[in-house]
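**Student:** Before I ask anything, here is the structure I am working with.
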Amino acid sequence: MRVRRGRRGALFLSGMGEIIRREQIAPKEQAVLHLAFPTVPVAHPDQIALSILDEALSDLGSRLFIRIREELGLAYFVGTSQFLGLEAGYFFFYLGTDPAKRREIETELLQEVANLAQKGITHEEFARARAKMQSQDKLEQQNPSQIAYAAALDELFGLGYAYGQTRRDRIAAITFDEVNAVAAKYFSSPHYVLATVSPE
């Protein structure tokens, strides 16, 4: 797999098949599944929307938690996260399940991601995620060492030491439609990696 740069600094993954599957047998009690979609580097404008999606899909009130864990009883834990690199990144969904339910939960997770790409998150999910991010930021701004740490990292990443305020302004200004456009852009991609560690 190679990374090549397109216009306006956009990054594309080339040499990647439509679906990459990796499975590993390990002496574990649970099966753990990661579903990852290639995204963009840390400085890309889409990262704000991706962060809101991550927040909306990760808490105990998220659609993934309610549908897969509470309603279907298929997972011990479920959520999302991101890897933010200087040249590229990825957004991934993860869960832990009974090994006997591994195939069933894989199908359900792929369907949930397809629904997300087609319909996006709801207005309620968007508002809750954005409010939570803004609240967390206000708490961090009360800690001088956290402010200095974040400013130093932002400078090293090429974002500039004042990026914290730029990010706050962008979070406040971003719209519901922008976030769902980003969900459709990345989660409807046929290029993803599905990795599983299971005892069988």
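Here, A, B, ... name the chains of the structure tokens in the order displayed, residue numbers run from 1 inside each chain, and ligands are numbered from 1 in the same displayed order.
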Can you tell me which residues surround A:Arg21 at a distance of at most 10 Å, considering only C-alpha atoms, apart from same-chain residues fewer than 6 positions away, and format the answer as a ChimeraX atom specification?
**Tutor:** /A:35,192-196
**Student:** Could you write out the selected residues, including N, CA and C atoms, as a PDB file, in the first residue's frame?
**Tutor:**
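Listing of selection-v2.pdb after writing:
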ATOM      1  N   LEU A  35     -12.724  -2.431  12.471  1.00  0.00           N
ATOM      2  CA  LEU A  35     -13.092  -2.090  11.098  1.00  0.00           C
ATOM      3  C   LEU A  35     -12.595  -0.676  10.833  1.00  0.00           C
ATOM      4  N   TYR A 192     -11.626  -0.634   2.915  1.00  0.00           N
ATOM      5  CA  TYR A 192     -11.518  -0.682   4.364  1.00  0.00           C
ATOM      6  C   TYR A 192     -10.748  -1.937   4.782  1.00  0.00           C
ATOM      7  N   VAL A 193     -10.323  -1.930   6.046  1.00  0.00           N
ATOM      8  CA  VAL A 193      -9.593  -3.051   6.604  1.00  0.00           C
ATOM      9  C   VAL A 193     -10.415  -3.639   7.753  1.00  0.00           C
ATOM     10  N   LEU A 194     -10.592  -4.948   7.735  1.00  0.00           N
ATOM     11  CA  LEU A 194     -11.320  -5.644   8.783  1.00  0.00           C
ATOM     12  C   LEU A 194     -10.358  -6.629   9.449  1.00  0.00           C
ATOM     13  N   ALA A 195     -10.019  -6.355  10.703  1.00  0.00           N
ATOM     14  CA  ALA A 195      -9.051  -7.184  11.423  1.00  0.00           C
ATOM     15  C   ALA A 195      -9.727  -7.817  12.639  1.00  0.00           C
ATOM     16  N   THR A 196      -9.444  -9.104  12.847  1.00  0.00           N
ATOM     17  CA  THR A 196     -10.058  -9.834  13.949  1.00  0.00           C
ATOM     18  C   THR A 196      -9.014 -10.650  14.686  1.00  0.00           C
TER      19      THR A 196
END
**Student:** Which residues, written as a list of chain:residue names, have at least one atom at most 9 Å from A:Phe91, with only C-alpha atoms counted and residues fewer than 2 positions away on the same chain left out?
**Tutor:**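 The neighbour list is A:Leu35, A:Ala36, A:Phe37, A:Pro38, A:Thr39, A:Leu50, A:Asp54, A:Thr80, A:Ser81, A:Gln82, A:Phe83, A:Leu84, A:Gly89, A:Phe93, A:Tyr186.
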**Student:** Among chain A, which ones does DSSP assign to strand (DSSP E or B) (computed from the backbone)? Answer as a PyMOL selection string.
**Tutor:** chain A and resi 2-5+11-14+19-25+31-38+77-84+89-97+192-198
**Student:** I'd like the contact shell of stretch 73-78 of chain A - 8 Å cut-off, only C-alpha atoms, skipping same-chain residues fewer than 4 positions apart - returned as a list in words.
**Tutor:**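 Final neighbour list, sorted by chain and number: Ser58, Leu64, Phe65, Ile68, Arg69, Phe93, Tyr94, Leu95, Gly96, Thr97, Asp98, Lys101 and Ile105 of chain A.
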**Student:** Filtering to all heavy atoms, could you give me those residues as a tab-separated table (two decimals), in the first residue's frame?
**Tutor:**
chain	number	residue	atom	x	y	z
A	58	SER	N	-19.13	7.07	20.21
A	58	SER	CA	-18.29	6.41	21.20
A	58	SER	C	-18.88	6.30	22.60
A	58	SER	O	-18.41	5.48	23.39
A	58	SER	CB	-16.93	7.14	21.30
A	58	SER	OG	-16.18	6.94	20.13
A	64	LEU	N	-24.33	2.79	18.27
A	64	LEU	CA	-23.62	1.52	18.24
A	64	LEU	C	-23.81	0.77	19.54
A	64	LEU	O	-24.08	-0.44	19.55
A	64	LEU	CB	-22.13	1.74	17.97
A	64	LEU	CG	-21.74	2.32	16.62
A	64	LEU	CD1	-20.24	2.54	16.55
A	64	LEU	CD2	-22.20	1.42	15.49
A	65	PHE	N	-23.65	1.47	20.67
A	65	PHE	CA	-23.79	0.84	21.97
A	65	PHE	C	-25.22	0.34	22.17
A	65	PHE	O	-25.44	-0.80	22.61
A	65	PHE	CB	-23.42	1.85	23.07
A	65	PHE	CG	-23.35	1.25	24.45
A	65	PHE	CD1	-22.16	0.72	24.93
A	65	PHE	CD2	-24.47	1.21	25.26
A	65	PHE	CE1	-22.10	0.17	26.20
A	65	PHE	CE2	-24.42	0.66	26.53
A	65	PHE	CZ	-23.23	0.14	27.00
A	68	ILE	N	-26.03	-2.57	19.14
A	68	ILE	CA	-25.23	-3.80	19.13
A	68	ILE	C	-25.11	-4.43	20.51
A	68	ILE	O	-25.20	-5.65	20.66
A	68	ILE	CB	-23.84	-3.53	18.52
A	68	ILE	CG1	-24.00	-3.16	17.04
A	68	ILE	CG2	-22.93	-4.74	18.67
A	68	ILE	CD1	-22.71	-2.81	16.35
A	69	ARG	N	-24.95	-3.60	21.54
A	69	ARG	CA	-24.78	-4.17	22.88
A	69	ARG	C	-26.10	-4.33	23.62
A	69	ARG	O	-26.39	-5.41	24.16
A	69	ARG	CB	-23.84	-3.31	23.71
A	69	ARG	CG	-23.46	-3.94	25.05
A	69	ARG	CD	-22.52	-3.04	25.84
A	69	ARG	NE	-22.03	-3.71	27.02
A	69	ARG	CZ	-22.69	-3.84	28.18
A	69	ARG	NH1	-23.92	-3.34	28.28
A	69	ARG	NH2	-22.16	-4.46	29.22
A	93	PHE	N	-13.85	1.42	13.90
A	93	PHE	CA	-14.90	0.90	14.77
A	93	PHE	C	-14.32	-0.35	15.43
A	93	PHE	O	-13.66	-1.15	14.78
A	93	PHE	CB	-16.13	0.53	13.95
A	93	PHE	CG	-16.73	1.67	13.18
A	93	PHE	CD1	-16.15	2.10	11.98
A	93	PHE	CD2	-17.86	2.31	13.64
A	93	PHE	CE1	-16.70	3.15	11.26
A	93	PHE	CE2	-18.43	3.37	12.93
A	93	PHE	CZ	-17.83	3.79	11.74
A	94	TYR	N	-14.58	-0.50	16.72
A	94	TYR	CA	-14.04	-1.67	17.42
A	94	TYR	C	-15.10	-2.26	18.33
A	94	TYR	O	-16.03	-1.58	18.79
A	94	TYR	CB	-12.79	-1.31	18.22
A	94	TYR	CG	-13.04	-0.31	19.33
A	94	TYR	CD1	-13.48	-0.72	20.59
A	94	TYR	CD2	-12.85	1.05	19.12
A	94	TYR	CE1	-13.72	0.20	21.59
A	94	TYR	CE2	-13.08	1.98	20.13
A	94	TYR	CZ	-13.51	1.54	21.37
A	94	TYR	OH	-13.77	2.45	22.36
A	95	LEU	N	-14.96	-3.55	18.61
A	95	LEU	CA	-15.88	-4.22	19.53
A	95	LEU	C	-15.28	-5.53	20.00
A	95	LEU	O	-14.37	-6.09	19.38
A	95	LEU	CB	-17.23	-4.46	18.85
A	95	LEU	CG	-17.26	-5.21	17.52
A	95	LEU	CD1	-17.26	-6.72	17.73
A	95	LEU	CD2	-18.49	-4.81	16.71
A	96	GLY	N	-15.80	-5.99	21.13
A	96	GLY	CA	-15.42	-7.29	21.66
A	96	GLY	C	-16.67	-8.14	21.82
A	96	GLY	O	-17.72	-7.64	22.23
A	97	THR	N	-16.57	-9.41	21.48
A	97	THR	CA	-17.76	-10.26	21.47
A	97	THR	C	-17.41	-11.71	21.81
A	97	THR	O	-16.23	-12.10	21.86
A	97	THR	CB	-18.43	-10.20	20.08
A	97	THR	OG1	-19.68	-10.89	20.12
A	97	THR	CG2	-17.55	-10.83	19.01
A	98	ASP	N	-18.43	-12.50	22.00
A	98	ASP	CA	-18.29	-13.94	22.14
A	98	ASP	C	-17.80	-14.48	20.79
A	98	ASP	O	-18.37	-14.15	19.74
A	98	ASP	CB	-19.67	-14.53	22.47
A	98	ASP	CG	-19.64	-16.04	22.69
A	98	ASP	OD1	-18.82	-16.74	22.07
A	98	ASP	OD2	-20.47	-16.51	23.48
A	101	LYS	N	-20.23	-15.50	18.19
A	101	LYS	CA	-21.07	-14.48	17.55
A	101	LYS	C	-20.30	-13.60	16.58
A	101	LYS	O	-20.82	-12.61	16.09
A	101	LYS	CB	-21.71	-13.61	18.64
A	101	LYS	CG	-22.60	-14.36	19.60
A	101	LYS	CD	-23.16	-13.44	20.67
A	101	LYS	CE	-24.07	-14.17	21.63
A	101	LYS	NZ	-24.58	-13.28	22.71
A	105	ILE	N	-21.95	-10.53	14.37
A	105	ILE	CA	-21.69	-9.15	14.75
A	105	ILE	C	-20.95	-8.40	13.64
A	105	ILE	O	-21.14	-7.19	13.47
A	105	ILE	CB	-20.90	-9.08	16.08
A	105	ILE	CG1	-21.12	-7.72	16.74
A	105	ILE	CG2	-19.42	-9.33	15.87
A	105	ILE	CD1	-20.58	-7.64	18.14
**Student:** With stretch 171-181 of chain A as the partner and 12 Å as the cut-off, tabulate the residues of stretch 16-128 of chain A that qualify, each row holding the nearest pair of atoms and their distance in Å to one decimal, using only C-alpha atoms, sorted by chain and rising number, as CSV.
**Tutor:**
residue,atom,partner,partner_atom,distance
A:Pro45,CA,A:Ile174,CA,10.8
A:Asp46,CA,A:Val179,CA,8.6
A:Gln47,CA,A:Val179,CA,10.0
A:Ile48,CA,A:Ile171,CA,6.7
A:Ala49,CA,A:Val179,CA,4.9
A:Leu50,CA,A:Val179,CA,7.4
A:Ser51,CA,A:Val179,CA,9.5
A:Ile52,CA,A:Val179,CA,7.5
A:Leu53,CA,A:Val179,CA,7.3
A:Asp54,CA,A:Val179,CA,10.9
A:Glu55,CA,A:Val179,CA,11.9
A:Ala56,CA,A:Val179,CA,10.8
A:Asn115,CA,A:Asn180,CA,11.4
A:Leu116,CA,A:Asn180,CA,8.4
A:Ala117,CA,A:Asn180,CA,7.8
A:Gln118,CA,A:Asn180,CA,8.8
A:Lys119,CA,A:Asn180,CA,7.6
A:Gly120,CA,A:Asn180,CA,4.8
A:Ile121,CA,A:Asn180,CA,6.5
A:Thr122,CA,A:Phe176,CA,8.4
A:His123,CA,A:Phe176,CA,6.8
A:Glu124,CA,A:Phe176,CA,9.9
A:Glu125,CA,A:Phe176,CA,9.7
A:Phe126,CA,A:Phe176,CA,6.5
A:Ala127,CA,A:Phe176,CA,8.4
A:Arg128,CA,A:Phe176,CA,11.6
**Student:** Please return, as a PyMOL selection string, all residues of stretch 37-195 of chain A that DSSP assigns to helix (DSSP H, G or I) on the basis of the backbone.
**Tutor:** chain A and resi 46-58+63-71+99-119+123-140+144-156+163-173+176-187
**Student:** I want to know what sits within 8 Å of A:Val197, based on only C-alpha atoms, with residues of the same chain fewer than 2 positions away left out; could you give that as a ChimeraX atom specification?
**Tutor:** /A:23-26,31-33,195,199
**Student:** Using only C-alpha atoms, determine which residues lie at most 12 Å from A:Gln165, disregarding the query and same-chain residues fewer than 2 positions distant; provide the list as a list in words.
**Tutor:** Gln134, Asp137, Lys138, Gln141, Ile147, Ala150, Ala151, Asp154, Leu159, Gly160, Tyr161, Ala162, Tyr163, Arg167, Arg168, Asp169, Arg170, Ile171 and Ala172 of chain A
**Student:** Those same residues - N, CA and C atoms - I'd like them written as a compact mmCIF listing (two decimals), in the first residue's frame.
**Tutor:**
# COMPACT_ATOMS: atom_id res chain seq x y z
N GLN A 134 -17.21 20.65 23.37
CA GLN A 134 -17.03 22.01 23.85
C GLN A 134 -16.87 22.04 25.37
N ASP A 137 -13.38 20.79 26.25
CA ASP A 137 -12.40 21.82 25.92
C ASP A 137 -12.35 22.90 27.01
N LYS A 138 -13.51 23.28 27.52
CA LYS A 138 -13.55 24.29 28.58
C LYS A 138 -12.83 23.80 29.83
N GLN A 141 -9.10 23.98 29.25
CA GLN A 141 -8.60 25.34 29.24
C GLN A 141 -8.38 25.89 30.65
N ILE A 147 -2.84 23.43 28.44
CA ILE A 147 -2.81 24.43 27.38
C ILE A 147 -1.44 24.44 26.71
N ALA A 150 -0.84 21.16 24.68
CA ALA A 150 -1.57 21.15 23.42
C ALA A 150 -0.97 22.12 22.41
N ALA A 151 -0.56 23.30 22.87
CA ALA A 151 0.02 24.29 21.97
C ALA A 151 1.34 23.79 21.39
N ASP A 154 0.53 21.09 18.78
CA ASP A 154 -0.05 21.70 17.58
C ASP A 154 1.02 22.38 16.74
N LEU A 159 0.21 22.82 12.83
CA LEU A 159 -1.08 23.47 12.95
C LEU A 159 -0.97 24.90 13.49
N GLY A 160 0.13 25.17 14.16
CA GLY A 160 0.32 26.47 14.80
C GLY A 160 -0.09 26.44 16.25
N TYR A 161 0.63 27.17 17.09
CA TYR A 161 0.39 27.10 18.53
C TYR A 161 -1.00 27.62 18.91
N ALA A 162 -1.63 28.44 18.07
CA ALA A 162 -2.95 29.00 18.37
C ALA A 162 -4.08 28.16 17.78
N TYR A 163 -3.77 26.95 17.36
CA TYR A 163 -4.79 26.11 16.71
C TYR A 163 -5.96 25.80 17.64
N ARG A 167 -9.70 25.70 16.36
CA ARG A 167 -10.51 24.48 16.46
C ARG A 167 -11.82 24.77 17.19
N ARG A 168 -11.75 25.54 18.26
CA ARG A 168 -12.97 25.89 18.98
C ARG A 168 -13.95 26.65 18.09
N ASP A 169 -13.43 27.59 17.33
CA ASP A 169 -14.28 28.36 16.42
C ASP A 169 -14.90 27.46 15.35
N ARG A 170 -14.10 26.52 14.86
CA ARG A 170 -14.59 25.63 13.81
C ARG A 170 -15.66 24.68 14.35
N ILE A 171 -15.49 24.18 15.55
CA ILE A 171 -16.48 23.30 16.15
C ILE A 171 -17.80 24.06 16.34
N ALA A 172 -17.71 25.31 16.78
CA ALA A 172 -18.90 26.12 16.99
C ALA A 172 -19.63 26.42 15.69
**Student:** Using only C-alpha atoms, find the one residue out of A:Thr166, A:Glu140, A:Glu200, A:Pro41 that sits nearest to A:Leu86.
**Tutor:** A:Pro41
